[in-house]
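For reference, the structure discussed in these notes is given below.
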Amino acid sequence: MTAPRTRFDLAEDRSASVPPEARGLARDEVRLLAAGPEGVHHAAFRDLAAFLNPGDLLIVNTSGTLPAAVDAVRDDHVIAIHFSTELDDGTWVVELRAPGGPLLDGRAGERLSLPAGAVVTLREPHVAGAQRLWRAKIEVEGEIPRYLAKVGRPIRYGYVPRAWPLPNYQTVFALDPGSAEMPSAARPFTAELVAQLVSRGVLFAPILLHTGVSSPEAGEPPYGERFRVPATTAALVNWVRDQGGRVIAVGTTAVRAIESAANPGGLVTAAAGWTELVLGPDRPARAVDGLITGLHAPEASHLLLLEAVVGPELVQRAYDAAVRREYLWHEFGDVSLLTSR
């Protein structure tokens with residue numbers, strides 16, 4: 001897989017370890033780094049309107065976050081299972097986790113016990129030659145999302161030392177539960193901010209993309225995710241582009257969905273199914289002019305997507321500024337607005 005060109009060193013204390021509300025901030029008071037051809041600017045997220053134009057279109061993901069982490073008993077030890085993605089045949093992609101990271105010693109046919117009598121049976125690696133993600137049969141009474149709502153908790157990683165309730169992992173746009181991890185770029189939006197932007201002529205349109213578990217291994221590409229681009233959203237994207245407005249995706253998930261529905265000329269049509277699209281040097285963005293996104297770890301595959309939308313030089317300038325100004329990383333951290341024009 002091609003490595004991103006953006007390079008930076010990230011200090012350990014730059015990871016946001018608690019939600020901004022626990023730091024005395026409202027959701028929309030996290031910091032905003034706005035970078036485009038005209039330069040780099042620093043503000044609060046609630047000042048987003050200053051960097052948008054009437055007629056700009058924000059694409060938002062309506063996927064809601066599942067409490068996708070569940071304790072399991074394995075050989076008399078308790079581990080965590082992260083429910084990632086439901087497949088078309090009813091099986092799930094799952095990840096086995098210990099406190100130190102993913103467990104890579106899963107075995108085909110292995111059975112693990114879950115709360116309330118449920119059982120997970122590993123079938124085969126989800127990606128040939130890899131051991132992190134498994135396709136698994138889940139034996140449970142009722143629908144799995146409803147089961148997770150009873151026994152699960154939000155997925156969190158080592159930089160968040162304590163558990164936080166599920167509402168901390170939902171965005172204002174969340175309507176359709178299905179994401180293993182929060183589409184976090186939209187977290188700073190509030191109903192009041194959305195109303196302010198609408199009143200100033202900024203447009204909104206929904207897509208749906210259910211995120212799987214994130215890829216912690218450097219160089220590990222994104223895998224297939226379920227998505228939907230409604231016909232009305234496709235038509236609005238095309239109209240805004242025809243009018244000279246900008247199409248700005250809220251999150252890498254929204255970029256992936258819209259670009260999966262775009263033809264080589266940038267025309268977007270309604271689409272639904274699975275996308276394995278990876279943006280990068282060989283596949284630049286066709287329909288999206290920019291994105292609102294959190295700050296991504298060094299060498300993360302998401303940086304390739306950013307570079308494919310606004311160019312590596314702009315991404316490098318933005319990340320140099322974020323490091324210099326000590327922005328906070330990850331889902332509870334600060335946010336950037338990157339635009340190509």
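In the structure tokens, chains take letters A, B, ... by order of appearance, with residues numbered from 1 within each chain and ligands from 1 in the order shown.
Proximity to segment 242-247 of chain A at 8 Å, evaluated using only C-alpha atoms and with sequence-adjacent residues fewer than 2 positions away removed, yields Asn53, Gly55, Asp56, Leu57, Leu58, Ile59, Val237, Asn238, Trp239, Val240, Ala249, Ala287, Val288, Asp289, Gly290 and Arg341 of chain A.
Residues in contact with Ser260 of chain A at up to 9 Å, not including ones fewer than 4 positions away on its chain and judged by only C-alpha atoms, are Phe227, Val229, Val255, Arg256, Val268, Ala271, Thr275, Glu276 and Leu277 of chain A.
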Keeping only C-alpha atoms, write the selected residues to a file as a compact mmCIF listing (two decimals), in the first residue's frame.
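Produced file selection.txt, reproduced below:
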```
# COMPACT_ATOMS: atom_id res chain seq x y z
CA PHE A 227 -22.81 2.53 2.39
CA VAL A 229 -25.90 7.57 -1.24
CA VAL A 255 -15.76 11.23 1.42
CA ARG A 256 -15.60 7.50 0.86
CA VAL A 268 -22.63 11.42 -8.62
CA ALA A 271 -25.57 4.04 -5.00
CA THR A 275 -17.35 0.03 -0.98
CA GLU A 276 -13.69 -0.91 -0.89
CA LEU A 277 -12.59 2.38 -2.43
```
Neighbour list for Tyr159 of chain A as a PyMOL selection string, cut-off 8 Å, only C-alpha atoms, skip fewer than 4 positions in-chain: chain A and resi 15-17
Output N, CA, C and O atoms for every residue in that selection, as a PDB file, in the first residue's frame.
```pdb
ATOM      1  N   SER A  15      -2.995  13.185  22.573  1.00  0.00           N
ATOM      2  CA  SER A  15      -4.231  12.420  22.413  1.00  0.00           C
ATOM      3  C   SER A  15      -5.269  12.920  23.408  1.00  0.00           C
ATOM      4  O   SER A  15      -4.986  13.006  24.612  1.00  0.00           O
ATOM      5  N   ALA A  16      -6.467  13.262  22.905  1.00  0.00           N
ATOM      6  CA  ALA A  16      -7.548  13.688  23.801  1.00  0.00           C
ATOM      7  C   ALA A  16      -8.034  12.481  24.586  1.00  0.00           C
ATOM      8  O   ALA A  16      -8.549  11.524  24.008  1.00  0.00           O
ATOM      9  N   SER A  17      -7.893  12.519  25.897  1.00  0.00           N
ATOM     10  CA  SER A  17      -8.184  11.351  26.723  1.00  0.00           C
ATOM     11  C   SER A  17      -9.590  11.358  27.309  1.00  0.00           C
ATOM     12  O   SER A  17     -10.033  10.343  27.861  1.00  0.00           O
TER      13      SER A  17
END
```
Interatomic distance between atom CA of Ala43 of chain A and atom CA of Ala191 of chain A? 19.4 Å
Please identify all polymer residues within 6 Å of His82 of chain A, counting only C-alpha atoms, omitting same-chain residues fewer than 4 positions from it, and present them as an mmCIF file with N, CA and C atoms, in the first residue's frame.
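See out35.cif below for the written result:
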```cif
data_model
loop_
_atom_site.group_PDB
_atom_site.id
_atom_site.type_symbol
_atom_site.label_atom_id
_atom_site.label_comp_id
_atom_site.auth_asym_id
_atom_site.auth_seq_id
_atom_site.Cartn_x
_atom_site.Cartn_y
_atom_site.Cartn_z
ATOM 1 N N ALA A 68 -20.210 -1.578 20.712
ATOM 2 C CA ALA A 68 -19.754 -2.751 19.963
ATOM 3 C C ALA A 68 -18.689 -3.573 20.669
ATOM 4 N N ALA A 69 -18.311 -3.212 21.888
ATOM 5 C CA ALA A 69 -17.325 -3.985 22.645
ATOM 6 C C ALA A 69 -18.041 -4.825 23.692
ATOM 7 N N VAL A 94 -15.371 -9.625 13.375
ATOM 8 C CA VAL A 94 -15.071 -9.305 14.767
ATOM 9 C C VAL A 94 -13.561 -9.230 14.958
ATOM 10 N N GLU A 95 -13.182 -8.574 16.032
ATOM 11 C CA GLU A 95 -11.776 -8.468 16.420
ATOM 12 C C GLU A 95 -11.649 -8.910 17.863
#
```
For atom CA of Ala318 of chain A and atom CA of Gly294 of chain A, quote the distance in Å rounded to one decimal. 11.8 Å
If you count only C-alpha atoms, which residues fall within 10 Å of Pro125 of chain A, apart from same-chain ones fewer than 4 positions away, as a PyMOL selection string? chain A and resi 93-94+106-108+129-136
Could you write those residues out with N, CA and C atoms, as a compact mmCIF listing (two decimals), in the first residue's frame?
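Ended up saving to again.txt:
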```
# COMPACT_ATOMS: atom_id res chain seq x y z
N VAL A 93 -17.96 -9.51 11.12
CA VAL A 93 -16.52 -9.35 11.25
C VAL A 93 -16.25 -8.91 12.68
N VAL A 94 -15.37 -9.63 13.38
CA VAL A 94 -15.07 -9.30 14.77
C VAL A 94 -13.56 -9.23 14.96
N GLY A 106 -6.24 -16.15 16.95
CA GLY A 106 -7.53 -16.80 16.76
C GLY A 106 -7.40 -18.06 15.91
N ARG A 107 -8.35 -18.99 16.10
CA ARG A 107 -8.31 -20.27 15.38
C ARG A 107 -9.67 -20.54 14.75
N ALA A 108 -9.68 -20.97 13.53
CA ALA A 108 -10.93 -21.34 12.87
C ALA A 108 -11.63 -22.42 13.69
N GLY A 129 -4.63 -14.19 4.81
CA GLY A 129 -3.26 -13.97 5.23
C GLY A 129 -3.11 -13.08 6.44
N ALA A 130 -4.22 -12.59 6.99
CA ALA A 130 -4.17 -11.74 8.18
C ALA A 130 -4.95 -12.40 9.31
N GLN A 131 -4.62 -12.05 10.54
CA GLN A 131 -5.23 -12.71 11.69
C GLN A 131 -5.96 -11.74 12.62
N ARG A 132 -6.04 -10.45 12.25
CA ARG A 132 -6.64 -9.49 13.18
C ARG A 132 -8.16 -9.56 13.17
N LEU A 133 -8.76 -9.64 12.00
CA LEU A 133 -10.21 -9.63 11.87
C LEU A 133 -10.69 -11.00 11.41
N TRP A 134 -11.79 -11.45 12.02
CA TRP A 134 -12.36 -12.77 11.72
C TRP A 134 -13.82 -12.65 11.31
N ARG A 135 -14.21 -13.50 10.38
CA ARG A 135 -15.63 -13.69 10.12
C ARG A 135 -16.13 -14.70 11.15
N ALA A 136 -17.24 -14.37 11.78
CA ALA A 136 -17.70 -15.19 12.89
C ALA A 136 -19.21 -15.36 12.85
```
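Atom pair atom CA of Arg14 of chain A / atom CA of Ser214 of chain A: separated by 18.8 Å.
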So that I can check the secondary structure, give me every residue of segment 196-335 of chain A assigned helix (DSSP H, G or I) by backbone DSSP, as an mmCIF file with N, CA and C atoms, in the first residue's frame.
```cif
data_model
loop_
_atom_site.group_PDB
_atom_site.id
_atom_site.type_symbol
_atom_site.label_atom_id
_atom_site.label_comp_id
_atom_site.auth_asym_id
_atom_site.auth_seq_id
_atom_site.Cartn_x
_atom_site.Cartn_y
_atom_site.Cartn_z
ATOM 1 N N GLN A 196 -27.658 27.608 12.634
ATOM 2 C CA GLN A 196 -26.950 28.828 12.225
ATOM 3 C C GLN A 196 -26.416 28.696 10.795
ATOM 4 N N LEU A 197 -25.829 27.555 10.479
ATOM 5 C CA LEU A 197 -25.274 27.369 9.141
ATOM 6 C C LEU A 197 -26.376 27.366 8.085
ATOM 7 N N VAL A 198 -27.483 26.691 8.375
ATOM 8 C CA VAL A 198 -28.600 26.670 7.428
ATOM 9 C C VAL A 198 -29.117 28.090 7.191
ATOM 10 N N SER A 199 -29.214 28.868 8.258
ATOM 11 C CA SER A 199 -29.729 30.237 8.118
ATOM 12 C C SER A 199 -28.810 31.112 7.278
ATOM 13 N N ALA A 231 -30.605 9.205 -3.808
ATOM 14 C CA ALA A 231 -30.721 9.927 -5.078
ATOM 15 C C ALA A 231 -30.790 11.435 -4.849
ATOM 16 N N THR A 232 -31.476 11.865 -3.785
ATOM 17 C CA THR A 232 -31.580 13.303 -3.522
ATOM 18 C C THR A 232 -30.216 13.906 -3.184
ATOM 19 N N THR A 233 -29.396 13.163 -2.447
ATOM 20 C CA THR A 233 -28.055 13.658 -2.129
ATOM 21 C C THR A 233 -27.205 13.744 -3.390
ATOM 22 N N ALA A 234 -27.281 12.709 -4.230
ATOM 23 C CA ALA A 234 -26.519 12.728 -5.479
ATOM 24 C C ALA A 234 -26.911 13.928 -6.330
ATOM 25 N N ALA A 235 -28.212 14.181 -6.447
ATOM 26 C CA ALA A 235 -28.684 15.298 -7.264
ATOM 27 C C ALA A 235 -28.214 16.630 -6.689
ATOM 28 N N LEU A 236 -28.220 16.758 -5.369
ATOM 29 C CA LEU A 236 -27.804 18.015 -4.747
ATOM 30 C C LEU A 236 -26.303 18.247 -4.931
ATOM 31 N N VAL A 237 -25.506 17.176 -4.821
ATOM 32 C CA VAL A 237 -24.068 17.302 -5.072
ATOM 33 C C VAL A 237 -23.833 17.829 -6.485
ATOM 34 N N ASN A 238 -24.500 17.239 -7.457
ATOM 35 C CA ASN A 238 -24.302 17.656 -8.850
ATOM 36 C C ASN A 238 -24.758 19.094 -9.074
ATOM 37 N N TRP A 239 -25.865 19.472 -8.450
ATOM 38 C CA TRP A 239 -26.375 20.844 -8.612
ATOM 39 C C TRP A 239 -25.407 21.854 -8.009
ATOM 40 N N VAL A 240 -24.911 21.571 -6.816
ATOM 41 C CA VAL A 240 -23.980 22.494 -6.160
ATOM 42 C C VAL A 240 -22.718 22.649 -6.998
ATOM 43 N N ARG A 241 -22.213 21.546 -7.533
ATOM 44 C CA ARG A 241 -21.010 21.638 -8.366
ATOM 45 C C ARG A 241 -21.287 22.474 -9.624
ATOM 46 N N ASP A 242 -22.453 22.277 -10.203
ATOM 47 C CA ASP A 242 -22.811 23.069 -11.397
ATOM 48 C C ASP A 242 -22.906 24.557 -11.083
ATOM 49 N N GLN A 243 -23.318 24.883 -9.843
ATOM 50 C CA GLN A 243 -23.481 26.284 -9.444
ATOM 51 C C GLN A 243 -22.166 26.907 -8.971
ATOM 52 N N THR A 252 -14.074 11.348 6.867
ATOM 53 C CA THR A 252 -13.560 10.475 5.814
ATOM 54 C C THR A 252 -14.620 9.480 5.356
ATOM 55 N N THR A 253 -15.561 9.136 6.237
ATOM 56 C CA THR A 253 -16.635 8.218 5.835
ATOM 57 C C THR A 253 -17.499 8.838 4.749
ATOM 58 N N ALA A 254 -17.809 10.131 4.903
ATOM 59 C CA ALA A 254 -18.631 10.809 3.903
ATOM 60 C C ALA A 254 -17.872 10.945 2.587
ATOM 61 N N VAL A 255 -16.568 11.196 2.651
ATOM 62 C CA VAL A 255 -15.760 11.231 1.425
ATOM 63 C C VAL A 255 -15.834 9.893 0.718
ATOM 64 N N ARG A 256 -15.636 8.835 1.465
ATOM 65 C CA ARG A 256 -15.602 7.497 0.860
ATOM 66 C C ARG A 256 -16.930 7.152 0.203
ATOM 67 N N ALA A 257 -18.031 7.504 0.853
ATOM 68 C CA ALA A 257 -19.350 7.201 0.297
ATOM 69 C C ALA A 257 -19.604 7.978 -0.993
ATOM 70 N N ILE A 258 -19.401 9.305 -0.951
ATOM 71 C CA ILE A 258 -19.680 10.120 -2.137
ATOM 72 C C ILE A 258 -18.758 9.735 -3.287
ATOM 73 N N GLU A 259 -17.494 9.539 -3.010
ATOM 74 C CA GLU A 259 -16.557 9.193 -4.080
ATOM 75 C C GLU A 259 -16.834 7.799 -4.639
ATOM 76 N N SER A 260 -17.431 6.931 -3.860
ATOM 77 C CA SER A 260 -17.813 5.608 -4.356
ATOM 78 C C SER A 260 -18.975 5.686 -5.331
ATOM 79 N N SER A 301 -3.724 5.409 7.120
ATOM 80 C CA SER A 301 -4.209 5.395 5.738
ATOM 81 C C SER A 301 -5.143 6.569 5.464
ATOM 82 N N HIS A 302 -5.776 7.107 6.512
ATOM 83 C CA HIS A 302 -6.655 8.265 6.314
ATOM 84 C C HIS A 302 -5.897 9.456 5.726
ATOM 85 N N LEU A 303 -4.605 9.571 6.008
ATOM 86 C CA LEU A 303 -3.835 10.691 5.469
ATOM 87 C C LEU A 303 -3.769 10.633 3.951
ATOM 88 N N LEU A 304 -3.749 9.422 3.397
ATOM 89 C CA LEU A 304 -3.791 9.288 1.936
ATOM 90 C C LEU A 304 -5.074 9.872 1.379
ATOM 91 N N LEU A 305 -6.194 9.628 2.072
ATOM 92 C CA LEU A 305 -7.467 10.176 1.622
ATOM 93 C C LEU A 305 -7.434 11.701 1.664
ATOM 94 N N LEU A 306 -6.913 12.274 2.746
ATOM 95 C CA LEU A 306 -6.814 13.735 2.836
ATOM 96 C C LEU A 306 -5.987 14.289 1.683
ATOM 97 N N GLU A 307 -4.863 13.637 1.405
ATOM 98 C CA GLU A 307 -3.996 14.094 0.325
ATOM 99 C C GLU A 307 -4.693 13.992 -1.025
ATOM 100 N N ALA A 308 -5.536 12.973 -1.190
ATOM 101 C CA ALA A 308 -6.246 12.802 -2.458
ATOM 102 C C ALA A 308 -7.317 13.857 -2.665
ATOM 103 N N VAL A 309 -7.789 14.486 -1.581
ATOM 104 C CA VAL A 309 -8.833 15.513 -1.678
ATOM 105 C C VAL A 309 -8.227 16.899 -1.865
ATOM 106 N N VAL A 310 -7.221 17.247 -1.059
ATOM 107 C CA VAL A 310 -6.716 18.636 -1.078
ATOM 108 C C VAL A 310 -5.246 18.733 -1.454
ATOM 109 N N PRO A 312 -1.100 16.800 -1.019
ATOM 110 C CA PRO A 312 -0.201 16.544 0.105
ATOM 111 C C PRO A 312 0.430 17.799 0.691
ATOM 112 N N GLU A 313 0.668 18.811 -0.127
ATOM 113 C CA GLU A 313 1.309 20.020 0.395
ATOM 114 C C GLU A 313 0.413 20.706 1.423
ATOM 115 N N LEU A 314 -0.879 20.816 1.130
ATOM 116 C CA LEU A 314 -1.799 21.449 2.068
ATOM 117 C C LEU A 314 -1.943 20.618 3.342
ATOM 118 N N VAL A 315 -2.026 19.304 3.205
ATOM 119 C CA VAL A 315 -2.133 18.456 4.392
ATOM 120 C C VAL A 315 -0.898 18.616 5.270
ATOM 121 N N GLN A 316 0.272 18.672 4.647
ATOM 122 C CA GLN A 316 1.501 18.843 5.428
ATOM 123 C C GLN A 316 1.498 20.178 6.163
ATOM 124 N N ARG A 317 1.075 21.256 5.501
ATOM 125 C CA ARG A 317 1.021 22.560 6.168
ATOM 126 C C ARG A 317 0.054 22.531 7.345
ATOM 127 N N ALA A 318 -1.093 21.880 7.141
ATOM 128 C CA ALA A 318 -2.094 21.812 8.207
ATOM 129 C C ALA A 318 -1.562 21.030 9.406
ATOM 130 N N TYR A 319 -0.925 19.904 9.160
ATOM 131 C CA TYR A 319 -0.441 19.083 10.272
ATOM 132 C C TYR A 319 0.761 19.724 10.961
ATOM 133 N N ASP A 320 1.610 20.410 10.205
ATOM 134 C CA ASP A 320 2.696 21.154 10.850
ATOM 135 C C ASP A 320 2.119 22.189 11.812
ATOM 136 N N ALA A 321 1.062 22.889 11.377
ATOM 137 C CA ALA A 321 0.441 23.902 12.225
ATOM 138 C C ALA A 321 -0.238 23.262 13.433
ATOM 139 N N ALA A 322 -0.905 22.110 13.236
ATOM 140 C CA ALA A 322 -1.589 21.438 14.346
ATOM 141 C C ALA A 322 -0.598 20.967 15.395
ATOM 142 N N VAL A 323 0.547 20.446 14.951
ATOM 143 C CA VAL A 323 1.571 20.011 15.907
ATOM 144 C C VAL A 323 2.154 21.214 16.635
ATOM 145 N N ARG A 324 2.441 22.264 15.891
ATOM 146 C CA ARG A 324 3.056 23.458 16.486
ATOM 147 C C ARG A 324 2.130 24.110 17.503
#
```
Name the closest residue to Ala26 of chain A among the candidates A:Gly117, A:Pro165, A:Pro188, A:Pro298; distances are taken between atoms, counting only C-alpha atoms. A:Pro188
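Closest approach to Leu52 of chain A from the set A:Ile248, A:Leu328, A:Val119, A:Ile79 is made by A:Ile248, with distances taken over only C-alpha atoms.
Using only C-alpha atoms, the shortest contact distance between Thr171 of chain A and any of A:Arg187, A:His330, A:Arg156, A:Arg228 is found at A:Arg187.
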Applying 12 Å and only C-alpha atoms, which residues near Lys150 of chain A remain after dropping the ones on its own chain fewer than 2 positions away? List them as JSON, numbers by chain. {"A": [66, 67, 68, 69, 70, 115, 116, 141, 142, 143, 144, 145, 146, 147, 148, 152, 153, 154, 166]}
May I have the residues from that selection written out with N, CA and C atoms, as a PDB file, in the first residue's frame?
```pdb
ATOM      1  N   LEU A  66     -22.696   1.875  17.584  1.00  0.00           N
ATOM      2  CA  LEU A  66     -23.122   0.747  18.401  1.00  0.00           C
ATOM      3  C   LEU A  66     -22.230   0.614  19.637  1.00  0.00           C
ATOM      4  N   PRO A  67     -22.765   0.110  20.749  1.00  0.00           N
ATOM      5  CA  PRO A  67     -21.906  -0.276  21.871  1.00  0.00           C
ATOM      6  C   PRO A  67     -21.264  -1.624  21.522  1.00  0.00           C
ATOM      7  N   ALA A  68     -20.210  -1.578  20.712  1.00  0.00           N
ATOM      8  CA  ALA A  68     -19.754  -2.751  19.963  1.00  0.00           C
ATOM      9  C   ALA A  68     -18.689  -3.573  20.669  1.00  0.00           C
ATOM     10  N   ALA A  69     -18.311  -3.212  21.888  1.00  0.00           N
ATOM     11  CA  ALA A  69     -17.325  -3.985  22.645  1.00  0.00           C
ATOM     12  C   ALA A  69     -18.041  -4.825  23.692  1.00  0.00           C
ATOM     13  N   VAL A  70     -17.744  -6.117  23.699  1.00  0.00           N
ATOM     14  CA  VAL A  70     -18.405  -7.051  24.621  1.00  0.00           C
ATOM     15  C   VAL A  70     -17.343  -7.954  25.239  1.00  0.00           C
ATOM     16  N   PRO A 115     -21.882 -12.812  27.284  1.00  0.00           N
ATOM     17  CA  PRO A 115     -22.942 -12.708  28.290  1.00  0.00           C
ATOM     18  C   PRO A 115     -24.299 -13.159  27.747  1.00  0.00           C
ATOM     19  N   ALA A 116     -25.178 -13.551  28.668  1.00  0.00           N
ATOM     20  CA  ALA A 116     -26.554 -13.952  28.352  1.00  0.00           C
ATOM     21  C   ALA A 116     -26.604 -15.166  27.441  1.00  0.00           C
ATOM     22  N   GLU A 141     -29.904 -14.685  21.037  1.00  0.00           N
ATOM     23  CA  GLU A 141     -31.353 -14.563  20.933  1.00  0.00           C
ATOM     24  C   GLU A 141     -31.709 -13.148  20.492  1.00  0.00           C
ATOM     25  N   GLY A 142     -32.437 -13.023  19.404  1.00  0.00           N
ATOM     26  CA  GLY A 142     -32.845 -11.711  18.919  1.00  0.00           C
ATOM     27  C   GLY A 142     -31.818 -11.075  18.002  1.00  0.00           C
ATOM     28  N   GLU A 143     -32.051  -9.813  17.670  1.00  0.00           N
ATOM     29  CA  GLU A 143     -31.165  -9.091  16.772  1.00  0.00           C
ATOM     30  C   GLU A 143     -29.906  -8.647  17.505  1.00  0.00           C
ATOM     31  N   ILE A 144     -28.791  -8.696  16.803  1.00  0.00           N
ATOM     32  CA  ILE A 144     -27.516  -8.397  17.437  1.00  0.00           C
ATOM     33  C   ILE A 144     -27.427  -6.946  17.901  1.00  0.00           C
ATOM     34  N   PRO A 145     -27.860  -5.937  17.125  1.00  0.00           N
ATOM     35  CA  PRO A 145     -27.804  -4.574  17.669  1.00  0.00           C
ATOM     36  C   PRO A 145     -28.568  -4.417  18.977  1.00  0.00           C
ATOM     37  N   ARG A 146     -29.705  -5.087  19.089  1.00  0.00           N
ATOM     38  CA  ARG A 146     -30.463  -5.020  20.334  1.00  0.00           C
ATOM     39  C   ARG A 146     -29.711  -5.727  21.468  1.00  0.00           C
ATOM     40  N   TYR A 147     -29.042  -6.823  21.131  1.00  0.00           N
ATOM     41  CA  TYR A 147     -28.227  -7.535  22.122  1.00  0.00           C
ATOM     42  C   TYR A 147     -27.075  -6.644  22.594  1.00  0.00           C
ATOM     43  N   LEU A 148     -26.401  -6.004  21.649  1.00  0.00           N
ATOM     44  CA  LEU A 148     -25.290  -5.124  22.014  1.00  0.00           C
ATOM     45  C   LEU A 148     -25.770  -3.982  22.904  1.00  0.00           C
ATOM     46  N   GLY A 152     -23.280  -4.473  25.621  1.00  0.00           N
ATOM     47  CA  GLY A 152     -22.058  -3.892  25.071  1.00  0.00           C
ATOM     48  C   GLY A 152     -21.724  -2.529  25.650  1.00  0.00           C
ATOM     49  N   ARG A 153     -20.594  -2.024  25.229  1.00  0.00           N
ATOM     50  CA  ARG A 153     -20.111  -0.696  25.603  1.00  0.00           C
ATOM     51  C   ARG A 153     -19.371  -0.122  24.398  1.00  0.00           C
ATOM     52  N   PRO A 154     -19.187   1.181  24.341  1.00  0.00           N
ATOM     53  CA  PRO A 154     -18.466   1.748  23.206  1.00  0.00           C
ATOM     54  C   PRO A 154     -17.020   1.258  23.149  1.00  0.00           C
ATOM     55  N   LEU A 166     -22.518   5.767  26.106  1.00  0.00           N
ATOM     56  CA  LEU A 166     -22.688   5.779  24.659  1.00  0.00           C
ATOM     57  C   LEU A 166     -23.038   7.150  24.081  1.00  0.00           C
TER      58      LEU A 166
END
```
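Nearest to Gln170 of chain A of all the residues A:Ala50, A:Ala44, A:Gly64, A:Leu10 is A:Gly64, counting only C-alpha atoms.
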Quick one: pick out all strand (DSSP E or B) residues within segment 133-267 of chain A from a backbone DSSP run and write them as a PyMOL selection string. chain A and resi 133-139+153+176-179+203-209+225-229+247-250+262
